[in-house]
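Undergrad: File follows, data06.csv with CSV, C-alpha atoms:
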```
chain,number,residue,atom,x,y,z
A,1,MET,CA,91.9,93.7,73.4
A,2,GLU,CA,92.3,97.2,74.9
A,3,GLU,CA,88.9,96.9,76.6
A,4,LEU,CA,89.9,93.5,78.2
A,5,ASN,CA,93.2,95.0,79.4
A,6,PHE,CA,91.3,98.0,80.8
A,7,PHE,CA,88.8,95.6,82.5
A,8,TYR,CA,91.5,93.3,84.1
A,9,SER,CA,93.5,96.3,85.3
A,10,LEU,CA,90.4,97.9,86.9
A,11,VAL,CA,89.2,94.8,88.6
A,12,SER,CA,92.7,94.0,90.0
A,13,SER,CA,93.2,97.5,91.3
A,14,LEU,CA,89.7,97.7,92.8
A,15,LEU,CA,90.2,94.4,94.6
A,16,ILE,CA,93.4,95.7,96.1
A,17,VAL,CA,91.7,98.9,97.3
A,18,VAL,CA,88.4,97.3,98.3
A,19,ASN,CA,90.1,94.3,99.9
A,20,PRO,CA,87.7,91.7,101.3
A,21,PHE,CA,89.7,91.1,104.4
A,22,ILE,CA,89.7,94.8,105.2
A,23,VAL,CA,86.0,95.1,104.6
A,24,VAL,CA,85.3,92.0,106.8
A,25,SER,CA,87.5,93.4,109.6
A,26,GLY,CA,85.5,96.7,109.6
A,27,PHE,CA,82.2,94.8,109.2
A,28,VAL,CA,82.9,92.6,112.3
A,29,GLY,CA,83.7,95.7,114.3
A,30,LEU,CA,80.6,97.5,113.2
A,31,SER,CA,78.1,94.7,113.6
A,32,GLY,CA,79.4,93.7,117.1
A,33,GLU,CA,77.3,91.1,118.8
A,34,ALA,CA,74.4,91.2,116.2
A,35,SER,CA,72.8,87.9,115.2
A,36,GLN,CA,73.9,86.1,112.0
A,37,LYS,CA,70.6,87.0,110.4
A,38,GLN,CA,71.1,90.7,111.1
A,39,GLN,CA,74.7,90.6,109.9
A,40,ARG,CA,73.6,89.1,106.6
A,41,GLU,CA,70.8,91.6,106.1
A,42,LEU,CA,73.3,94.3,106.8
A,43,ALA,CA,75.7,92.8,104.2
A,44,VAL,CA,73.0,92.7,101.5
A,45,ARG,CA,71.9,96.3,102.0
A,46,ALA,CA,75.5,97.6,102.2
A,47,SER,CA,76.4,95.7,99.0
A,48,LEU,CA,73.5,97.1,97.0
A,49,VAL,CA,74.2,100.7,98.1
A,50,SER,CA,77.9,100.4,97.3
A,51,LEU,CA,77.1,98.9,93.9
A,52,GLY,CA,74.9,101.8,93.1
A,53,ILE,CA,77.5,104.4,94.2
A,54,GLY,CA,80.3,102.7,92.2
A,55,CYS,CA,78.3,102.3,89.0
A,56,ALA,CA,76.8,105.9,89.2
A,57,PHE,CA,80.3,107.3,89.6
A,58,GLY,CA,81.7,105.2,86.8
A,59,ILE,CA,78.9,106.3,84.4
A,60,PHE,CA,78.4,110.0,85.4
A,61,GLY,CA,81.4,110.9,87.6
A,62,MET,CA,83.7,112.1,84.8
A,63,SER,CA,81.0,114.2,83.2
A,64,VAL,CA,80.3,115.9,86.5
A,65,LEU,CA,84.1,116.6,87.1
A,66,GLU,CA,84.6,117.9,83.6
A,67,GLY,CA,81.6,120.2,84.0
A,68,ALA,CA,83.3,121.5,87.2
A,69,GLY,CA,86.5,122.1,85.3
A,70,ILE,CA,88.5,119.4,87.2
A,71,THR,CA,91.2,117.7,85.2
A,72,VAL,CA,92.1,114.1,85.4
A,73,SER,CA,95.6,115.1,86.5
A,74,ALA,CA,94.3,117.0,89.5
A,75,LEU,CA,91.9,114.2,90.3
A,76,ARG,CA,94.8,111.7,90.3
A,77,ILE,CA,97.0,113.8,92.5
A,78,ALA,CA,94.2,114.5,95.0
A,79,GLY,CA,92.8,111.0,94.9
A,80,GLY,CA,96.3,109.5,95.3
A,81,PHE,CA,96.9,111.7,98.4
A,82,LEU,CA,93.6,110.5,99.9
A,83,LEU,CA,94.4,106.9,99.0
A,84,PHE,CA,97.8,107.3,100.7
A,85,ARG,CA,96.1,108.6,103.8
A,86,THR,CA,93.8,105.6,103.8
A,87,ALA,CA,96.8,103.3,103.5
A,88,CYS,CA,98.5,105.0,106.5
A,89,GLU,CA,95.4,104.6,108.6
A,90,LEU,CA,95.3,100.9,107.7
A,91,VAL,CA,98.9,100.4,108.7
A,92,SER,CA,98.8,102.4,111.9
A,93,ALA,CA,95.1,102.3,113.1
A,94,GLN,CA,94.1,100.3,116.1
A,95,GLU,CA,90.8,98.3,116.4
A,96,ASP,CA,87.9,100.5,117.4
A,97,ASN,CA,84.4,99.1,118.3
A,98,SER,CA,82.9,102.4,119.5
A,99,VAL,CA,80.5,102.6,116.6
A,100,CYS,CA,78.8,99.3,117.3
A,101,LYS,CA,78.4,100.2,121.0
A,102,GLU,CA,76.8,103.6,120.2
A,103,SER,CA,74.5,102.5,117.3
A,104,SER,CA,71.2,100.9,118.3
A,105,ASP,CA,69.9,100.4,114.7
A,106,LEU,CA,72.4,98.3,112.7
A,107,LEU,CA,70.7,98.9,109.4
A,108,ARG,CA,71.6,102.6,109.5
A,109,LEU,CA,75.2,101.4,109.2
A,110,ALA,CA,74.5,99.9,105.7
A,111,VAL,CA,74.9,103.3,104.0
A,112,PHE,CA,77.5,104.9,106.2
A,113,PRO,CA,80.1,103.9,107.1
A,114,LEU,CA,79.8,100.4,105.6
A,115,ALA,CA,78.8,101.0,102.0
A,116,PHE,CA,80.7,104.4,102.0
A,117,PRO,CA,83.5,104.6,102.7
A,118,THR,CA,84.3,101.0,103.8
A,119,ILE,CA,83.3,99.2,100.6
A,120,ILE,CA,83.2,102.1,98.0
A,121,GLY,CA,85.3,105.0,99.4
A,122,PRO,CA,87.5,107.7,98.0
A,123,GLY,CA,90.2,105.2,97.1
A,124,ALA,CA,87.9,103.1,95.0
A,125,LEU,CA,86.4,106.2,93.3
A,126,CYS,CA,90.0,107.4,92.6
A,127,ILE,CA,90.8,104.1,91.0
A,128,ILE,CA,87.7,104.3,88.8
A,129,ALA,CA,88.5,107.9,87.8
A,130,ASN,CA,92.1,107.0,87.1
A,131,ALA,CA,91.0,104.2,84.8
A,132,LEU,CA,88.6,106.5,83.0
A,133,GLY,CA,91.5,109.0,82.4
A,134,THR,CA,93.4,106.4,80.4
A,135,ILE,CA,90.6,105.9,77.9
A,136,SER,CA,91.5,107.6,74.6
A,137,LYS,CA,88.2,106.9,72.7
A,138,PRO,CA,85.3,106.3,75.2
A,139,HIS,CA,82.5,104.0,74.0
A,140,ILE,CA,79.9,101.7,75.5
A,141,GLY,CA,82.4,98.8,75.9
A,142,TYR,CA,84.4,100.7,78.5
A,143,THR,CA,81.2,101.7,80.4
A,144,LEU,CA,80.1,98.1,80.6
A,145,GLY,CA,83.6,97.2,81.7
A,146,ILE,CA,83.4,99.7,84.6
A,147,VAL,CA,79.9,98.4,85.7
A,148,LEU,CA,81.1,94.8,85.5
A,149,ALA,CA,84.3,95.5,87.4
A,150,VAL,CA,82.4,97.3,90.2
A,151,ALA,CA,79.8,94.5,90.3
A,152,ILE,CA,82.6,91.8,90.6
A,153,THR,CA,84.3,93.8,93.3
A,154,VAL,CA,81.2,94.3,95.3
A,155,GLY,CA,80.1,90.7,94.7
A,156,VAL,CA,83.4,89.3,96.0
A,157,ASN,CA,83.2,91.5,99.1
A,158,PHE,CA,79.5,90.5,99.6
A,159,ALA,CA,80.6,86.8,99.6
A,160,PHE,CA,83.1,87.6,102.3
A,161,LEU,CA,80.6,89.6,104.3
A,162,TYR,CA,78.0,86.9,104.1
A,163,MET,CA,80.5,84.4,105.6
A,164,ALA,CA,82.1,86.9,108.0
A,165,PRO,CA,81.4,84.9,111.2
A,166,GLN,CA,83.0,81.8,109.7
A,167,ILE,CA,86.0,83.7,108.3
A,168,LEU,CA,86.5,85.4,111.7
A,169,LYS,CA,86.3,82.0,113.5
A,170,PHE,CA,88.7,80.4,111.0
A,171,LEU,CA,91.4,83.2,110.8
A,172,GLY,CA,90.9,85.1,114.0
A,173,LYS,CA,91.2,88.8,114.6
A,174,SER,CA,95.0,88.8,114.8
A,175,ILE,CA,95.4,87.4,111.3
A,176,LEU,CA,92.8,89.8,109.9
A,177,GLU,CA,94.8,92.7,111.4
A,178,ILE,CA,98.0,91.4,109.9
A,179,ILE,CA,96.4,91.1,106.4
A,180,LYS,CA,94.9,94.6,106.8
A,181,LYS,CA,98.4,96.1,107.4
A,182,LEU,CA,99.9,94.3,104.5
A,183,VAL,CA,97.2,95.5,102.2
A,184,GLY,CA,97.8,99.0,103.5
A,185,LEU,CA,101.4,98.8,102.4
A,186,PHE,CA,100.4,97.7,98.9
A,187,LEU,CA,97.8,100.5,98.9
A,188,ALA,CA,100.4,103.1,99.8
A,189,MET,CA,102.6,102.0,96.8
A,190,LEU,CA,99.6,102.2,94.5
A,191,ALA,CA,98.7,105.7,95.8
A,192,VAL,CA,102.3,106.9,95.2
A,193,GLN,CA,102.2,105.5,91.6
A,194,ILE,CA,98.9,107.3,90.9
A,195,MET,CA,100.3,110.6,92.2
A,196,ILE,CA,103.4,110.2,90.1
A,197,GLY,CA,101.3,109.8,87.0
A,198,GLY,CA,99.3,112.9,87.8
A,199,VAL,CA,102.4,115.0,88.5
A,200,SER,CA,104.1,113.8,85.3
A,201,GLU,CA,101.0,114.8,83.3
A,202,VAL,CA,101.0,118.3,84.8
A,203,TYR,CA,104.7,118.6,84.1
A,204,LYS,CA,104.2,117.6,80.4
A,205,SER,CA,101.3,120.1,80.0
A,206,TRP,CA,103.5,122.9,81.4
A,207,GLU,CA,106.6,121.9,79.4
A,208,LYS,CA,105.4,123.0,76.0
A,209,PRO,CA,104.0,126.4,76.9
A,210,GLU,CA,107.2,127.2,78.8
A,211,THR,CA,109.3,126.4,75.8
A,212,GLY,CA,107.2,128.6,73.6
A,213,THR,CA,107.4,131.5,76.1
A,214,SER,CA,111.2,131.1,76.2
A,215,ILE,CA,111.5,131.3,72.4
A,216,SER,CA,109.3,134.4,72.2
A,217,PHE,CA,111.2,136.1,75.0
A,218,GLU,CA,114.6,135.5,73.3
A,219,SER,CA,113.1,136.8,70.0
A,220,GLU,CA,112.0,140.0,71.8
A,221,ARG,CA,115.5,140.5,73.2
A,222,GLU,CA,117.1,140.0,69.7
A,223,LEU,CA,114.7,142.7,68.3
A,224,GLU,CA,115.6,145.1,71.1
A,225,CYS,CA,119.3,144.6,70.5
A,226,ALA,CA,118.8,145.2,66.7
```
Could you rewrite the structure in this file as structure tokens?
TA:
Amino acid sequence: MEELNFFYSLVSSLLIVVNPFIVVSGFVGLSGEASQKQQRELAVRASLVSLGIGCAFGIFGMSVLEGAGITVSALRIAGGFLLFRTACELVSAQEDNSVCKESSDLLRLAVFPLAFPTIIGPGALCIIANALGTISKPHIGYTLGIVLAVAITVGVNFAFLYMAPQILKFLGKSILEIIKKLVGLFLAMLAVQIMIGGVSEVYKSWEKPETGTSISFESERELECA
């Protein structure tokens, strides 16, 4: 039951951060006037790369961070801050097509900036790390849940990328921009919630040592007075 709750929470959070409408909006700007065949080839490559990045971080990311001495609380605060910056950019950014004008080889865009950071970026990695920090007893079920959650997220985005021309024709660029800004607002609230969780964990970890220090300090004063 805990594994299912973990899985549902991770999938829903990832789909908010890696929102298909945001990805499609960025994809359309990057691919420019490319043919439909080129756009779909770009979508396939970018999806495979982002799937690899997300799964690799979900499986090995926490081990690397623990080896570097980085706590989950620090990761939540830093990741929440980066996520909040991303949300602000989504709300205030203007459309920019400079990349597609300067790039002659579209397939180079599959890794950067489409796979990372458009599909799997700091925000998605922060969500994965935040979910890992809630696991009390890690086992293979949680690992499979992470891999499946990343696969579903990338799969949903791939479906939208594959149909990007039809989606753009149906909704129009104006509607995509409105959706992007609304998602940015939800993303900002999620980022603040993650940072609050990280700060509260740091406060709780400092609370006990400070209490102990205060008791020992009072005891020393009593001994001096005696």
Undergrad: May I have the residues within 12 Å of Ile194 in chain A as a PDB file with C-alpha atoms, in the frame of the given file, using only C-alpha atoms and disregarding those fewer than 4 positions away in the same chain?
TA:
```
ATOM      1  CA  SER A  13      93.200  97.500  91.300  1.00  0.00           C
ATOM      2  CA  VAL A  72      92.100 114.100  85.400  1.00  0.00           C
ATOM      3  CA  SER A  73      95.600 115.100  86.500  1.00  0.00           C
ATOM      4  CA  ALA A  74      94.300 117.000  89.500  1.00  0.00           C
ATOM      5  CA  LEU A  75      91.900 114.200  90.300  1.00  0.00           C
ATOM      6  CA  ARG A  76      94.800 111.700  90.300  1.00  0.00           C
ATOM      7  CA  ILE A  77      97.000 113.800  92.500  1.00  0.00           C
ATOM      8  CA  ALA A  78      94.200 114.500  95.000  1.00  0.00           C
ATOM      9  CA  GLY A  79      92.800 111.000  94.900  1.00  0.00           C
ATOM     10  CA  GLY A  80      96.300 109.500  95.300  1.00  0.00           C
ATOM     11  CA  PHE A  81      96.900 111.700  98.400  1.00  0.00           C
ATOM     12  CA  LEU A  82      93.600 110.500  99.900  1.00  0.00           C
ATOM     13  CA  LEU A  83      94.400 106.900  99.000  1.00  0.00           C
ATOM     14  CA  PHE A  84      97.800 107.300 100.700  1.00  0.00           C
ATOM     15  CA  GLY A 123      90.200 105.200  97.100  1.00  0.00           C
ATOM     16  CA  CYS A 126      90.000 107.400  92.600  1.00  0.00           C
ATOM     17  CA  ILE A 127      90.800 104.100  91.000  1.00  0.00           C
ATOM     18  CA  ILE A 128      87.700 104.300  88.800  1.00  0.00           C
ATOM     19  CA  ALA A 129      88.500 107.900  87.800  1.00  0.00           C
ATOM     20  CA  ASN A 130      92.100 107.000  87.100  1.00  0.00           C
ATOM     21  CA  ALA A 131      91.000 104.200  84.800  1.00  0.00           C
ATOM     22  CA  GLY A 133      91.500 109.000  82.400  1.00  0.00           C
ATOM     23  CA  THR A 134      93.400 106.400  80.400  1.00  0.00           C
ATOM     24  CA  LEU A 187      97.800 100.500  98.900  1.00  0.00           C
ATOM     25  CA  ALA A 188     100.400 103.100  99.800  1.00  0.00           C
ATOM     26  CA  MET A 189     102.600 102.000  96.800  1.00  0.00           C
ATOM     27  CA  LEU A 190      99.600 102.200  94.500  1.00  0.00           C
ATOM     28  CA  GLY A 198      99.300 112.900  87.800  1.00  0.00           C
ATOM     29  CA  VAL A 199     102.400 115.000  88.500  1.00  0.00           C
ATOM     30  CA  SER A 200     104.100 113.800  85.300  1.00  0.00           C
ATOM     31  CA  GLU A 201     101.000 114.800  83.300  1.00  0.00           C
TER      32      GLU A 201
END
```
Undergrad: Extract, using only C-alpha atoms, all DNA, RNA and protein residues at most 10 Å from Thr118 in chain A, discarding same-chain residues fewer than 3 positions from it, and format them as a list in words.
TA: Val18, Asn19, Ile22, Val23, Val24, Gly26, Phe27, Ala46, Ser50, Val111, Phe112, Pro113, Leu114, Ala115, Gly121, Pro122, Gly123 and Ala124 of chain A
Undergrad: Based on the selection just made, write C-alpha atoms of those residues as a CSV table (one decimal), keeping the file's coordinate frame.
TA:
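Heads up, here's the output in selection-v3.csv:
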```
chain,number,residue,atom,x,y,z
A,18,VAL,CA,88.4,97.3,98.3
A,19,ASN,CA,90.1,94.3,99.9
A,22,ILE,CA,89.7,94.8,105.2
A,23,VAL,CA,86.0,95.1,104.6
A,24,VAL,CA,85.3,92.0,106.8
A,26,GLY,CA,85.5,96.7,109.6
A,27,PHE,CA,82.2,94.8,109.2
A,46,ALA,CA,75.5,97.6,102.2
A,50,SER,CA,77.9,100.4,97.3
A,111,VAL,CA,74.9,103.3,104.0
A,112,PHE,CA,77.5,104.9,106.2
A,113,PRO,CA,80.1,103.9,107.1
A,114,LEU,CA,79.8,100.4,105.6
A,115,ALA,CA,78.8,101.0,102.0
A,121,GLY,CA,85.3,105.0,99.4
A,122,PRO,CA,87.5,107.7,98.0
A,123,GLY,CA,90.2,105.2,97.1
A,124,ALA,CA,87.9,103.1,95.0
```
Undergrad: Work out how far CA of Leu10 in chain A is from CA of Pro165 in chain A, in Å to one decimal.
TA: 29.0 Å
Undergrad: Tell me, in Å to one decimal, how far CA of Val183 in chain A is from CA of Met1 in chain A.
TA: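 These atoms are spaced 29.3 Å apart.
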Undergrad: Quick one: distance from CA of Gly58 in chain A to CA of Leu14 in chain A in Å, one decimal?
TA: 12.5 Å
Undergrad: Which of these residues is nearest to Lys180 in chain A, using only C-alpha atoms: A:Ser63, A:Thr86, A:Ser205, A:Gln36?
TA: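 Once distances to Lys180 in chain A are computed over only C-alpha atoms, the minimum belongs to A:Thr86.
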Undergrad: Between A:Val28, A:Leu125, A:Pro117, A:Met62, which is the closest to Pro138 in chain A once you count only C-alpha atoms?
TA: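 Among the listed residues, the smallest separation from Pro138 in chain A belongs to A:Met62.
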